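Novice: Encoded as structure tokens, here's the structure I'll be asking about.
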Amino acid sequence: MREAERAFAVRVVRTACEICRVVREGLGTGDAAAKADRSPVTVADYAVQAYVARELGEAFPDDSLLAEESAAGLAAAGGALLTQRLAEVLRPFTPGLTETEIPGLIDRGRNGRDGRQWVLDPVDGTKGFLRGGQYAVALALLIHGEPVLGVLGCPNLPFPVPDAAPESPAGTGCLYAAVRGQGASVLSLGGAEEIPVRVSDRSDPCRAVLCESFEASHMDGGRMERITRRLGPAAPPLRMDSQCKYAAVASGQADVYLRIPPRDGFRENAWDHAAGWVVTTEAGGTVTDLRGNPLDFSRGPTLDANFGILATNGRLHASVLSVLAEPCP
Ligand code: AMP
Ligand code: MG
């Protein structure tokens with residue numbers, strides 16, 4: 001089931017990771033800008049969105065795409081100069097593409113609607129991408145608001161092979177792929193290796209490995225610390241940008257991903273969680289919001305019915321939810 005969609009998603013995310021690497025290696029002063037909300041955006045974000053939109057139009061022309069960036073954002077960030085740079089970056093990956101087509105391709109990501117909808121975060125964790133930390137290319141397929149496929153390209157996350165030999169693909173980056181009902185796998189970014197992944201079986205909160213955002217401004221640090229202290233894990237939390245946190249839980253490298261938003265009323269973006277949700281749940285984990293409610297992806301670009309995120313190996317879910325439900329002093 002969904003073999004064509006999985007093969008498509010793996011192929012385009014692999015190439016998108018290559019685009020990111022090319023941009024990261026040659027990053028110039030004009031390649032990053034600030035958006036209206038002051039968050040950074042780079043040539044890689046726009047290049048990946050344009051690339052995926054173009055490939056999607058060829059492979060599944062009737063499907064819609066909901067993605068983070070917009071042509072208006074591109075115009076505000078750098079207009080003609082940035083578009084020129086984008087065309088240059090995209091040339092080896094999109095034969096025949098002209099500069100004038102780029103804004104239209106980027107705005108294909110604004111036509112999210114019911115039915116078959118792809119959800120893309122072209123560079124999730126742009127701050128990590130710029131800092132040399134973790135980032136992910138995240139692509140999911142939703143059918144009537146239900147995620148059925150998720151692929152996470154993680155160029156800076158090592159292929160998780162214990163005791164890897166120096167010539168193994170470890171260190172070249174990896175890609176997590178999952179289809180609803182079919183389990184989750186990790187693929188090496190550079191080679192052909194593919195191995196199934198499974199969450200950990202740890203059930204003692206004191207031995208749990210937690211992960212959280214690298215960026216302090218993305219969470220309520222005080223409450224995160226109080227909850228973590230009450231749970232009592234011995235190890236300090238892993239701080240990591242992007243949906244790589246879902247990959248860490250899916251592969252058993254972490255047991256809990258906790259995301260407490262920095263303020264009441266904060267709503268998560270669908271593209272920050274859809275692919276990760278499929279990967280972690282298919283690896284045997286559980287993902288809800290902080291009240292234990294399932295994530296509702298049927299509401300458009302934001303998860304309006306949810307607050308925060310809790311992704312665990314399943315066994316630890318109830319323990320963390322009960323600590324979250326305790327009154328906070
Ligand atoms: P992470 O690296 O897990 O913190 O996730 C990166 C994502 O956090 C970005 O894609 C943004 O959508 C989201 N984000 C940006 N600013 C904030 C903020 N102030 N609070 C919470 N999330 C944010
Ligand atoms: Mg993001």
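Naming scheme: A, B, ... for chains in displayed order of the structure tokens; residues 1 onward per chain; ligands 1 onward as shown.
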As a PyMOL selection string, which residues of region 168-328 of chain A does DSSP assign to strand (DSSP E)?
Specialist: chain A and resi 174-179+184-188+194-197+210-212+238-239+256-259+286-288+309-312
Novice: Output as a Markdown table one row per residue of chain A within 8 Å of ligand 2: the closest atom pair and its distance in Å to one decimal place, counting only C-alpha atoms and all ligand atoms, sorted by chain and residue number ascending.
Specialist:
```
| residue | atom | partner | partner_atom_place_in_ligand_line | distance |
| --- | --- | --- | --- | --- |
| A:Glu68 | CA | ligand 2 | 1 (Mg) | 7.6 |
| A:Asp121 | CA | ligand 2 | 1 (Mg) | 5.6 |
| A:Pro122 | CA | ligand 2 | 1 (Mg) | 7.9 |
| A:Val123 | CA | ligand 2 | 1 (Mg) | 6.5 |
| A:Asp124 | CA | ligand 2 | 1 (Mg) | 3.6 |
| A:Gly125 | CA | ligand 2 | 1 (Mg) | 5.4 |
| A:Thr126 | CA | ligand 2 | 1 (Mg) | 7.3 |
| A:Ser242 | CA | ligand 2 | 1 (Mg) | 6.5 |
| A:Gln243 | CA | ligand 2 | 1 (Mg) | 7.9 |
| A:Asn269 | CA | ligand 2 | 1 (Mg) | 7.6 |
| A:Trp271 | CA | ligand 2 | 1 (Mg) | 6.5 |
| A:Asp272 | CA | ligand 2 | 1 (Mg) | 4.7 |
```
Novice: Quick one, how far is CA of Pro196 (chain A) from CA of Arg2 (chain A)?
Specialist: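 CA of Arg2 (chain A) lies 17.5 Å from CA of Pro196 (chain A).
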Novice: Residues at most 10 Å from ligand 1, using only C-alpha atoms and all ligand atoms? Could they come as an NGL selection string?
Specialist: :A and (37-40 or 68 or 121-129 or 133-136 or 211-220 or 239-246 or 257-263 or 266-273 or 308)
Novice: Set the distance at 9 Å and use only C-alpha atoms: which residues neighbour region 317-321 of chain A once local chain neighbours fewer than 6 positions away are removed? I'd like the list as number ranges by chain.
Specialist: A: 203, 205, 227, 231, 256, 285-287, 290-292, 310-311
Novice: Would you mind writing down, as a PyMOL selection string, each residue of region 138-300 of chain A that DSSP on the backbone assigns to alpha helix (DSSP H)?
Specialist: chain A and resi 221-231+244-250+274-282
Novice: Could you write out the selected residues, including N, CA and C atoms, as an mmCIF file, in the first residue's frame?
Specialist:
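Saved result, selection-v2.cif, follows:
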```cif
data_model
loop_
_atom_site.group_PDB
_atom_site.id
_atom_site.type_symbol
_atom_site.label_atom_id
_atom_site.label_comp_id
_atom_site.auth_asym_id
_atom_site.auth_seq_id
_atom_site.Cartn_x
_atom_site.Cartn_y
_atom_site.Cartn_z
ATOM 1 N N GLY A 221 10.468 27.283 29.441
ATOM 2 C CA GLY A 221 11.616 26.651 30.091
ATOM 3 C C GLY A 221 11.375 26.332 31.557
ATOM 4 N N GLY A 222 10.714 27.245 32.270
ATOM 5 C CA GLY A 222 10.482 27.050 33.698
ATOM 6 C C GLY A 222 9.619 25.822 33.944
ATOM 7 N N ARG A 223 8.525 25.729 33.181
ATOM 8 C CA ARG A 223 7.622 24.585 33.379
ATOM 9 C C ARG A 223 8.277 23.282 32.908
ATOM 10 N N MET A 224 9.033 23.360 31.821
ATOM 11 C CA MET A 224 9.743 22.166 31.327
ATOM 12 C C MET A 224 10.669 21.636 32.428
ATOM 13 N N GLU A 225 11.357 22.547 33.078
ATOM 14 C CA GLU A 225 12.310 22.138 34.116
ATOM 15 C C GLU A 225 11.588 21.513 35.309
ATOM 16 N N ARG A 226 10.452 22.138 35.695
ATOM 17 C CA ARG A 226 9.696 21.599 36.847
ATOM 18 C C ARG A 226 9.181 20.192 36.552
ATOM 19 N N ILE A 227 8.645 20.012 35.339
ATOM 20 C CA ILE A 227 8.100 18.695 34.963
ATOM 21 C C ILE A 227 9.238 17.667 34.924
ATOM 22 N N THR A 228 10.344 18.060 34.325
ATOM 23 C CA THR A 228 11.482 17.139 34.211
ATOM 24 C C THR A 228 11.972 16.735 35.600
ATOM 25 N N ARG A 229 12.040 17.718 36.506
ATOM 26 C CA ARG A 229 12.512 17.425 37.867
ATOM 27 C C ARG A 229 11.576 16.433 38.554
ATOM 28 N N ARG A 230 10.261 16.625 38.367
ATOM 29 C CA ARG A 230 9.308 15.715 39.021
ATOM 30 C C ARG A 230 9.369 14.310 38.437
ATOM 31 N N LEU A 231 9.660 14.223 37.165
ATOM 32 C CA LEU A 231 9.795 12.897 36.556
ATOM 33 C C LEU A 231 11.055 12.210 37.067
ATOM 34 N N CYS A 244 13.840 16.036 14.270
ATOM 35 C CA CYS A 244 14.818 14.990 14.607
ATOM 36 C C CYS A 244 14.482 14.412 15.978
ATOM 37 N N LYS A 245 13.766 15.164 16.819
ATOM 38 C CA LYS A 245 13.370 14.654 18.143
ATOM 39 C C LYS A 245 12.414 13.459 17.993
ATOM 40 N N TYR A 246 11.504 13.527 17.008
ATOM 41 C CA TYR A 246 10.620 12.381 16.757
ATOM 42 C C TYR A 246 11.442 11.171 16.309
ATOM 43 N N ALA A 247 12.472 11.437 15.488
ATOM 44 C CA ALA A 247 13.338 10.351 15.016
ATOM 45 C C ALA A 247 14.085 9.734 16.200
ATOM 46 N N ALA A 248 14.524 10.580 17.131
ATOM 47 C CA ALA A 248 15.254 10.084 18.310
ATOM 48 C C ALA A 248 14.363 9.165 19.142
ATOM 49 N N VAL A 249 13.093 9.536 19.305
ATOM 50 C CA VAL A 249 12.174 8.679 20.072
ATOM 51 C C VAL A 249 11.868 7.400 19.272
ATOM 52 N N ALA A 250 11.652 7.556 17.973
ATOM 53 C CA ALA A 250 11.301 6.394 17.134
ATOM 54 C C ALA A 250 12.400 5.348 17.128
ATOM 55 N N ALA A 274 3.478 16.647 11.438
ATOM 56 C CA ALA A 274 2.774 15.571 10.704
ATOM 57 C C ALA A 274 3.703 14.399 10.374
ATOM 58 N N ALA A 275 4.862 14.668 9.777
ATOM 59 C CA ALA A 275 5.769 13.576 9.389
ATOM 60 C C ALA A 275 6.304 12.867 10.644
ATOM 61 N N GLY A 276 6.675 13.660 11.652
ATOM 62 C CA GLY A 276 7.206 13.082 12.892
ATOM 63 C C GLY A 276 6.180 12.203 13.585
ATOM 64 N N TRP A 277 4.913 12.624 13.544
ATOM 65 C CA TRP A 277 3.834 11.856 14.154
ATOM 66 C C TRP A 277 3.776 10.456 13.549
ATOM 67 N N VAL A 278 3.822 10.366 12.216
ATOM 68 C CA VAL A 278 3.726 9.044 11.560
ATOM 69 C C VAL A 278 4.944 8.200 11.925
ATOM 70 N N VAL A 279 6.131 8.800 11.896
ATOM 71 C CA VAL A 279 7.360 8.049 12.166
ATOM 72 C C VAL A 279 7.335 7.483 13.589
ATOM 73 N N THR A 280 7.005 8.327 14.568
ATOM 74 C CA THR A 280 7.041 7.856 15.968
ATOM 75 C C THR A 280 5.925 6.858 16.267
ATOM 76 N N THR A 281 4.721 7.120 15.782
ATOM 77 C CA THR A 281 3.628 6.178 16.092
ATOM 78 C C THR A 281 3.871 4.831 15.403
ATOM 79 N N GLU A 282 4.401 4.864 14.178
ATOM 80 C CA GLU A 282 4.658 3.604 13.480
ATOM 81 C C GLU A 282 5.826 2.835 14.087
#
```
Novice: For region 71-83 of chain A, find every residue with an atom within 8 Å (counting only C-alpha atoms), except residues of its own chain fewer than 6 positions away, and show them as a ChimeraX atom specification.
Specialist: /A:30-31,33-35,43,46,99,102-104,106-107
Novice: I'd like to know which of A:Cys17, A:Val119, A:Ala177, A:Ala32 is closest to Phe93 (chain A), using only C-alpha atoms.
Specialist: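 The shortest atom-to-atom distance to Phe93 (chain A) comes from A:Cys17.
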Novice: In Å to one decimal, how far is CA of Ser64 (chain A) from CA of Val10 (chain A)?
Specialist: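 For CA of Val10 (chain A) relative to CA of Ser64 (chain A), the distance reads 18.1 Å.
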Novice: Would you work out the distance separating CA of Leu65 (chain A) from CA of Pro147 (chain A), expressed in Å to one decimal?
Specialist: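 Going from CA of Leu65 (chain A) over to CA of Pro147 (chain A), I get 13.3 Å.
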Novice: Residues within 6 Å of Ala178 (chain A), please, as a list in words. Count only C-alpha atoms; anything in the same chain fewer than 6 positions from it doesn't count.
Specialist: Leu149, Gly150, Ala184 and Val279 of chain A
Novice: Selected residues, N, CA, C and O atoms, written as a short mmCIF file (atom, residue, chain, number, x, y, z; two decimals), in the first residue's frame, please.
Specialist:
```cif
data_model
loop_
_atom_site.label_atom_id
_atom_site.label_comp_id
_atom_site.auth_asym_id
_atom_site.auth_seq_id
_atom_site.Cartn_x
_atom_site.Cartn_y
_atom_site.Cartn_z
N LEU A 149 1.47 8.89 5.83
CA LEU A 149 2.86 8.64 5.44
C LEU A 149 3.72 9.80 5.95
O LEU A 149 3.30 10.95 5.91
N GLY A 150 4.90 9.48 6.43
CA GLY A 150 5.80 10.54 6.91
C GLY A 150 7.24 10.21 6.57
O GLY A 150 7.67 9.06 6.74
N ALA A 184 8.05 1.62 10.81
CA ALA A 184 8.95 2.72 10.45
C ALA A 184 10.35 2.17 10.20
O ALA A 184 10.74 1.18 10.80
N VAL A 279 6.13 8.80 11.90
CA VAL A 279 7.36 8.05 12.17
C VAL A 279 7.34 7.48 13.59
O VAL A 279 7.58 6.29 13.81
#
```
Novice: Which one is closest to Leu142 (chain A): A:Leu130, A:Leu189, A:Cys328, A:Leu66? Count only C-alpha atoms.
Specialist: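 Of all the options, A:Leu66 lies closest to Leu142 (chain A).
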Novice: Which residue, A:Ser298, A:Ser185, A:Thr29, A:Asn111, has the smallest gap to Glu146 (chain A) when you use only C-alpha atoms?
Specialist: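 Checking each of A:Ser298, A:Ser185, A:Thr29, A:Asn111 against Glu146 (chain A), counting only C-alpha atoms, the winner is A:Ser298.
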Novice: What's the 8 Å shell around Ala234 (chain A), counting only C-alpha atoms, without same-chain residues fewer than 3 positions away, as a list in words?
Specialist: Cys206, Arg207 and Ala208 of chain A
Novice: Hey, can you spit out that residue selection with all heavy atoms as a PDB file, in the first residue's frame?
Specialist:
```
ATOM      1  N   CYS A 206      12.851   7.419  35.858  1.00  0.00           N
ATOM      2  CA  CYS A 206      14.176   7.810  36.358  1.00  0.00           C
ATOM      3  C   CYS A 206      15.284   7.440  35.386  1.00  0.00           C
ATOM      4  O   CYS A 206      16.378   7.992  35.439  1.00  0.00           O
ATOM      5  CB  CYS A 206      14.471   7.152  37.708  1.00  0.00           C
ATOM      6  SG  CYS A 206      13.365   7.750  38.956  1.00  0.00           S
ATOM      7  N   ARG A 207      14.997   6.481  34.508  1.00  0.00           N
ATOM      8  CA  ARG A 207      16.024   6.072  33.540  1.00  0.00           C
ATOM      9  C   ARG A 207      15.737   6.617  32.148  1.00  0.00           C
ATOM     10  O   ARG A 207      16.458   6.315  31.188  1.00  0.00           O
ATOM     11  CB  ARG A 207      16.103   4.553  33.494  1.00  0.00           C
ATOM     12  CG  ARG A 207      16.394   3.986  34.885  1.00  0.00           C
ATOM     13  CD  ARG A 207      16.741   2.543  34.841  1.00  0.00           C
ATOM     14  NE  ARG A 207      17.767   2.292  33.819  1.00  0.00           N
ATOM     15  CZ  ARG A 207      18.270   1.096  33.561  1.00  0.00           C
ATOM     16  NH1 ARG A 207      17.856   0.070  34.227  1.00  0.00           N
ATOM     17  NH2 ARG A 207      19.178   0.935  32.619  1.00  0.00           N
ATOM     18  N   ALA A 208      14.692   7.430  32.047  1.00  0.00           N
ATOM     19  CA  ALA A 208      14.281   7.912  30.720  1.00  0.00           C
ATOM     20  C   ALA A 208      15.235   8.980  30.182  1.00  0.00           C
ATOM     21  O   ALA A 208      15.821   9.745  30.945  1.00  0.00           O
ATOM     22  CB  ALA A 208      12.875   8.493  30.810  1.00  0.00           C
TER      23      ALA A 208
END
```
